[in-house]
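Single-structure report; data block below.
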Amino acid sequence: MAKPRVFVARRIPDAGLNLITAACDAEVWPEQLPPSPEVLRQKVRDCDGLVSLLTDKVDTELLAAAPKLKVVSNFAVGVNNIDLPAATARKIPVGNTPGVLTEATADIAVTLLLAAARRLGESATDAKEGRWKTWEPLGWLGCDLVGRTLGIVGMGRIGFATAKRLHHGWGMKVLYTARNPKPEADAELKARHVDLDTLLAEVDFVSVHADLNPTTKGMFGEKEFAKMKRTVVFVNTARGPHVNQSALANALRTGTIFAAGLDVTDPEPLPPDHELYALPNCVIAPHIASATVDTRNAMATMCAQNLLAGVQGRPLPNCVNPEVNGSR
Ligand SMILES: NC(=O)c1ccc[n+]([C@@H]2O[C@H](COP(=O)([O-])OP(=O)(O)OC[C@H]3O[C@@H](n4cnc5c(N)ncnc54)[C@H](O)[C@@H]3O)[C@@H](O)[C@H]2O)c1
Ligand SMILES: O=C(O)[C@H](O)CO
């Protein structure tokens with residue numbers, strides 16, 4: 001019997017790729033940059049399965065160009081690059097990689113929070129560029145974490161893992177917004193489920209972890225930054241479009257908030273002349289939160305398992321549209 005045909009939209013770690021190539025007739029996009037939408041449409045034309053990345057748009061046009069497609073396996077937990085209703089309407093299950101990247105992503109949230117709070121980007125650049133003249137009693141003063149209040153926006157897997165680190169490690173009090181209360185967080189961290197306005201008014205650190213959806217797109221704009229304390233450190237490891245970036249740049253420039261740490265921006269990459277790069281109180285990482293060897297291997301394995309299940313007509317182990325999982 002012929003092997004299922006699949007397109008893998010970028011080289012992923014061998015831990016997953018080897019599983020795919022052993023079971024499928026696989027074409028792997030060899031370039032560093034993503035295929036254009038036109039090329040992607042051509043590539044999936046005869047495919048049973050697609051491995052997509054967060055930089056590949058899986059929309060109605062793409063799905064229409066792939067009449068045999070049985071599964072889309074996203075190499076990410078976030079699936080905002082995929083038109084889920086369109087995939088569901090075509091009875092195509094969509095897989096993602098939850099859980100295995102939670103700890104690595106929470107580590108980067110804390111890293112950015114510390115770097116922004118302690119002005120690490122700015123002071124390290126100053127040192128390297130010769131502006132470190134002596135030990136300065138008033139130089140590069142940042143803010144403490146111990147005993148302060150953390151605001152988690154989106155108490156899902158990564159939000160909870162981030163809150164645990166900062167509560168157990170630095171004794172931070174935790175407030176959070178979420179669609180529903182999270183009893184584990186209330187019990188383990190004595191966390192308080194509040195509305196967004198209460199969170200913005202009361203916390204010293206805001207860390208964003210909600211998925212990108214119509215309720216979170218543009219969630220942080222001028223009004224929201226104005227409601228925060230002037231000492232707030234704002235961290236976003238979720239998705240760039242949660243934030244109105246000119247409002248953020250303005251808040252950082254005018255001292256409306258103290259600092260920001262971003263792992264995600266809109267667009268990605270941000271143009272090198274973007275105003276956020278010119279601000280000393282903004283630390284920007286190039287979307288690296290899941291970038292550890294073990295985490296990317298685990299994502300690749302999970303992604304391959306989803307793909308193989310889909311092309312072989314089995315339910316996906318991790319599916320974001322369960323209503324069509326195993327329906328073929
Ligand atoms: N920077 C990175 O490399 C990186 C890595 C992993 C995940 N992420 C992002 O982090 C997101 C979260 O991942 P996760 O595994 O924790 O997912 P999750 O589904 O466990 O958590 C997301 C939470 O956000 C909540 N939420 C949705 N809309 C909300 C709103 N309007 N207000 C408050 N809460 C809301 C959901 O109810 C859910 O609890 C992903 O969707 C992805 O966008 C980024
Ligand atoms: O959603 C995700 O998984 C990240 O953005 C990349 O790991």
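Ordering of the structure tokens sets the chain letters (A, B, ...), residue numbers begin anew at 1 in every chain, and ligands are numbered from 1 in the order given.
The helix (DSSP H, G or I) portion of segment 203-243 of chain A consists of Glu222, Lys223, Glu224, Phe225, Ala226, Lys227, Gly240, Pro241 and His242 of chain A, with states taken from DSSP on the backbone.
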Distance query segment 320-324 of chain A at most 10 Å, only C-alpha atoms, self and fewer than 5 positions along chain excluded, as a PDB file with N, CA and C atoms, in the first residue's frame:
```pdb
ATOM      1  N   VAL A  77       1.832  24.948  20.515  1.00  0.00           N
ATOM      2  CA  VAL A  77       0.584  24.784  21.273  1.00  0.00           C
ATOM      3  C   VAL A  77      -0.449  25.787  20.776  1.00  0.00           C
ATOM      4  N   GLY A  78      -0.007  27.013  20.444  1.00  0.00           N
ATOM      5  CA  GLY A  78      -0.924  28.035  19.934  1.00  0.00           C
ATOM      6  C   GLY A  78      -1.354  27.667  18.522  1.00  0.00           C
ATOM      7  N   VAL A  79      -2.632  27.859  18.234  1.00  0.00           N
ATOM      8  CA  VAL A  79      -3.136  27.471  16.901  1.00  0.00           C
ATOM      9  C   VAL A  79      -3.810  28.653  16.206  1.00  0.00           C
ATOM     10  N   LEU A  84      -9.664  27.444  12.547  1.00  0.00           N
ATOM     11  CA  LEU A  84     -10.219  26.208  13.126  1.00  0.00           C
ATOM     12  C   LEU A  84     -11.627  25.889  12.637  1.00  0.00           C
ATOM     13  N   PRO A  85     -12.522  26.905  12.587  1.00  0.00           N
ATOM     14  CA  PRO A  85     -13.859  26.581  12.067  1.00  0.00           C
ATOM     15  C   PRO A  85     -13.796  26.005  10.652  1.00  0.00           C
ATOM     16  N   ALA A  87     -11.294  24.298   9.281  1.00  0.00           N
ATOM     17  CA  ALA A  87     -10.790  22.919   9.349  1.00  0.00           C
ATOM     18  C   ALA A  87     -11.881  21.984   9.874  1.00  0.00           C
ATOM     19  N   THR A  88     -12.597  22.440  10.869  1.00  0.00           N
ATOM     20  CA  THR A  88     -13.652  21.612  11.460  1.00  0.00           C
ATOM     21  C   THR A  88     -14.761  21.353  10.429  1.00  0.00           C
ATOM     22  N   ALA A  89     -15.106  22.399   9.676  1.00  0.00           N
ATOM     23  CA  ALA A  89     -16.148  22.233   8.654  1.00  0.00           C
ATOM     24  C   ALA A  89     -15.724  21.175   7.632  1.00  0.00           C
ATOM     25  N   ARG A  90     -14.418  21.086   7.382  1.00  0.00           N
ATOM     26  CA  ARG A  90     -13.920  20.063   6.444  1.00  0.00           C
ATOM     27  C   ARG A  90     -13.627  18.730   7.151  1.00  0.00           C
ATOM     28  N   LYS A  91     -13.972  18.664   8.434  1.00  0.00           N
ATOM     29  CA  LYS A  91     -13.728  17.446   9.257  1.00  0.00           C
ATOM     30  C   LYS A  91     -12.241  17.091   9.316  1.00  0.00           C
ATOM     31  N   ILE A  92     -11.416  18.127   9.347  1.00  0.00           N
ATOM     32  CA  ILE A  92      -9.972  17.897   9.450  1.00  0.00           C
ATOM     33  C   ILE A  92      -9.548  18.159  10.897  1.00  0.00           C
ATOM     34  N   PRO A  93      -9.093  17.130  11.601  1.00  0.00           N
ATOM     35  CA  PRO A  93      -8.621  17.367  12.964  1.00  0.00           C
ATOM     36  C   PRO A  93      -7.298  18.145  12.951  1.00  0.00           C
ATOM     37  N   VAL A  94      -7.166  19.034  13.932  1.00  0.00           N
ATOM     38  CA  VAL A  94      -5.961  19.863  14.050  1.00  0.00           C
ATOM     39  C   VAL A  94      -5.263  19.478  15.352  1.00  0.00           C
ATOM     40  N   GLY A  95      -3.975  19.128  15.223  1.00  0.00           N
ATOM     41  CA  GLY A  95      -3.206  18.743  16.411  1.00  0.00           C
ATOM     42  C   GLY A  95      -2.315  19.881  16.875  1.00  0.00           C
ATOM     43  N   ASN A  96      -1.978  19.883  18.158  1.00  0.00           N
ATOM     44  CA  ASN A  96      -1.014  20.866  18.697  1.00  0.00           C
ATOM     45  C   ASN A  96      -0.136  20.182  19.746  1.00  0.00           C
ATOM     46  N   THR A  97       0.717  20.958  20.403  1.00  0.00           N
ATOM     47  CA  THR A  97       1.720  20.354  21.300  1.00  0.00           C
ATOM     48  C   THR A  97       1.650  20.929  22.723  1.00  0.00           C
ATOM     49  N   PRO A  98       0.527  20.706  23.407  1.00  0.00           N
ATOM     50  CA  PRO A  98       0.397  21.271  24.760  1.00  0.00           C
ATOM     51  C   PRO A  98       1.252  20.550  25.804  1.00  0.00           C
ATOM     52  N   PRO A 315      -7.695   8.640  16.079  1.00  0.00           N
ATOM     53  CA  PRO A 315      -7.845   9.940  16.755  1.00  0.00           C
ATOM     54  C   PRO A 315      -6.477  10.516  17.132  1.00  0.00           C
TER      55      PRO A 315
END
```
Considering only C-alpha atoms and all ligand atoms, give me a table of residues in chain A that are at most 8 Å from ligand 2, with the closest atom pair and distance in Å for each, as a Markdown table.
```
| residue | atom | partner | partner_atom_place_in_ligand_line | distance |
| --- | --- | --- | --- | --- |
| A:Leu54 | CA | ligand 2 | 5 (O) | 6.9 |
| A:Phe75 | CA | ligand 2 | 3 (O) | 6.8 |
| A:Ala76 | CA | ligand 2 | 3 (O) | 3.2 |
| A:Val77 | CA | ligand 2 | 3 (O) | 3.9 |
| A:Gly78 | CA | ligand 2 | 1 (O) | 3.6 |
| A:Val79 | CA | ligand 2 | 1 (O) | 6.9 |
| A:Asn96 | CA | ligand 2 | 3 (O) | 7.9 |
| A:Thr97 | CA | ligand 2 | 3 (O) | 6.7 |
| A:Pro98 | CA | ligand 2 | 3 (O) | 7.5 |
| A:Leu101 | CA | ligand 2 | 7 (O) | 6.7 |
| A:Thr105 | CA | ligand 2 | 7 (O) | 7.9 |
| A:Thr237 | CA | ligand 2 | 5 (O) | 8.0 |
| A:Ala238 | CA | ligand 2 | 5 (O) | 6.9 |
| A:Arg239 | CA | ligand 2 | 5 (O) | 7.2 |
| A:His287 | CA | ligand 2 | 5 (O) | 6.8 |
| A:Ile288 | CA | ligand 2 | 6 (C) | 7.4 |
| A:Ala289 | CA | ligand 2 | 7 (O) | 6.5 |
| A:Ser290 | CA | ligand 2 | 7 (O) | 4.6 |
| A:Ala291 | CA | ligand 2 | 7 (O) | 7.3 |
| A:Arg296 | CA | ligand 2 | 7 (O) | 8.0 |
```
Can you tell me which residues sit at most 9 Å away from ligand 1, counting only C-alpha atoms and all ligand atoms, written as a ChimeraX atom specification? /A:76-80,97-102,104-106,108-109,152-161,176-180,182,195-196,208-217,219,236-240,262-264,286-291
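Atom CA of Glu268 of chain A to atom CA of Gly121 of chain A spans 19.8 Å [interatomic distance, one decimal].
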Have a look at A:Ala65, A:Ala9, A:Val71, A:Val51 and name the one nearest to Arg314 of chain A; count only C-alpha atoms. A:Val71
All residues 7 Å or closer to Asp48 of chain A, only C-alpha atoms, same chain fewer than 5 positions away omitted, as number ranges by chain: A: 4-6, 68-71, 311
Residues as selected, N, CA and C atoms, written as a CSV table (one decimal), in the first residue's frame, can you do that?
```
chain,number,residue,atom,x,y,z
A,4,PRO,N,1.2,7.3,3.1
A,4,PRO,CA,0.5,8.6,3.0
A,4,PRO,C,1.5,9.7,2.6
A,5,ARG,N,1.0,10.7,1.9
A,5,ARG,CA,1.9,11.8,1.5
A,5,ARG,C,1.7,13.0,2.4
A,6,VAL,N,2.8,13.5,2.9
A,6,VAL,CA,2.7,14.6,3.8
A,6,VAL,C,3.7,15.7,3.5
A,68,LYS,N,-7.4,16.2,-0.3
A,68,LYS,CA,-7.2,14.9,0.4
A,68,LYS,C,-6.8,15.0,1.8
A,69,LEU,N,-6.6,16.2,2.3
A,69,LEU,CA,-6.0,16.5,3.6
A,69,LEU,C,-6.8,15.8,4.7
A,70,LYS,N,-6.2,15.0,5.5
A,70,LYS,CA,-6.9,14.4,6.7
A,70,LYS,C,-6.5,14.9,8.0
A,71,VAL,N,-5.3,15.7,8.1
A,71,VAL,CA,-4.9,16.2,9.4
A,71,VAL,C,-3.9,17.4,9.2
A,311,VAL,N,-3.2,10.7,9.6
A,311,VAL,CA,-3.1,10.1,8.2
A,311,VAL,C,-3.5,8.6,8.3
```
Interatomic distance between atom CA of Arg11 of chain A and atom CA of Asp83 of chain A? 22.8 Å
Residues within 8 Å of Asn306 of chain A, please, as a list in words. Count only C-alpha atoms; anything in the same chain fewer than 4 positions from it doesn't count. Ser73, Gly95, Asn96, Met302, Gly310, Leu316, Pro317, Asn318 and Cys319 of chain A
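Between atom CA of His242 of chain A and atom CA of Arg192 of chain A the separation is 22.5 Å.
Closest approach to Ile20 of chain A among A:Leu145, A:Val8, A:Ala66, A:Val206 is made by A:Val8 (distances from only C-alpha atoms).
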Within 12 Å of segment 28-30 of chain A, counting only C-alpha atoms, which residues show up once you throw out same-chain ones fewer than 6 positions away? Write them as a ChimeraX atom specification, please. /A:5-14,17-18,20-21,36,39-40,43-44,50-53,56
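Nearest to Ala285 of chain A of all the residues A:Gly147, A:Pro269, A:Glu184, A:Thr198 is A:Pro269, counting only C-alpha atoms.
Minimum distance to Glu188 of chain A across A:Ala116, A:His168, A:Asp273, A:Lys229 (counting only C-alpha atoms) occurs at A:His168.
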DSSP-assigned strand (DSSP E or B) among segment 1-228 of chain A, expressed as a PyMOL selection string: chain A and resi 5-8+25-28+49-52+58+71-74+82+94-95+149-153+173-177+192-193+205-208+220
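Distance check against Ser207 of chain A using only C-alpha atoms: of A:Thr125, A:Leu138, A:Lys133, A:Leu175, the minimum falls on A:Leu175.
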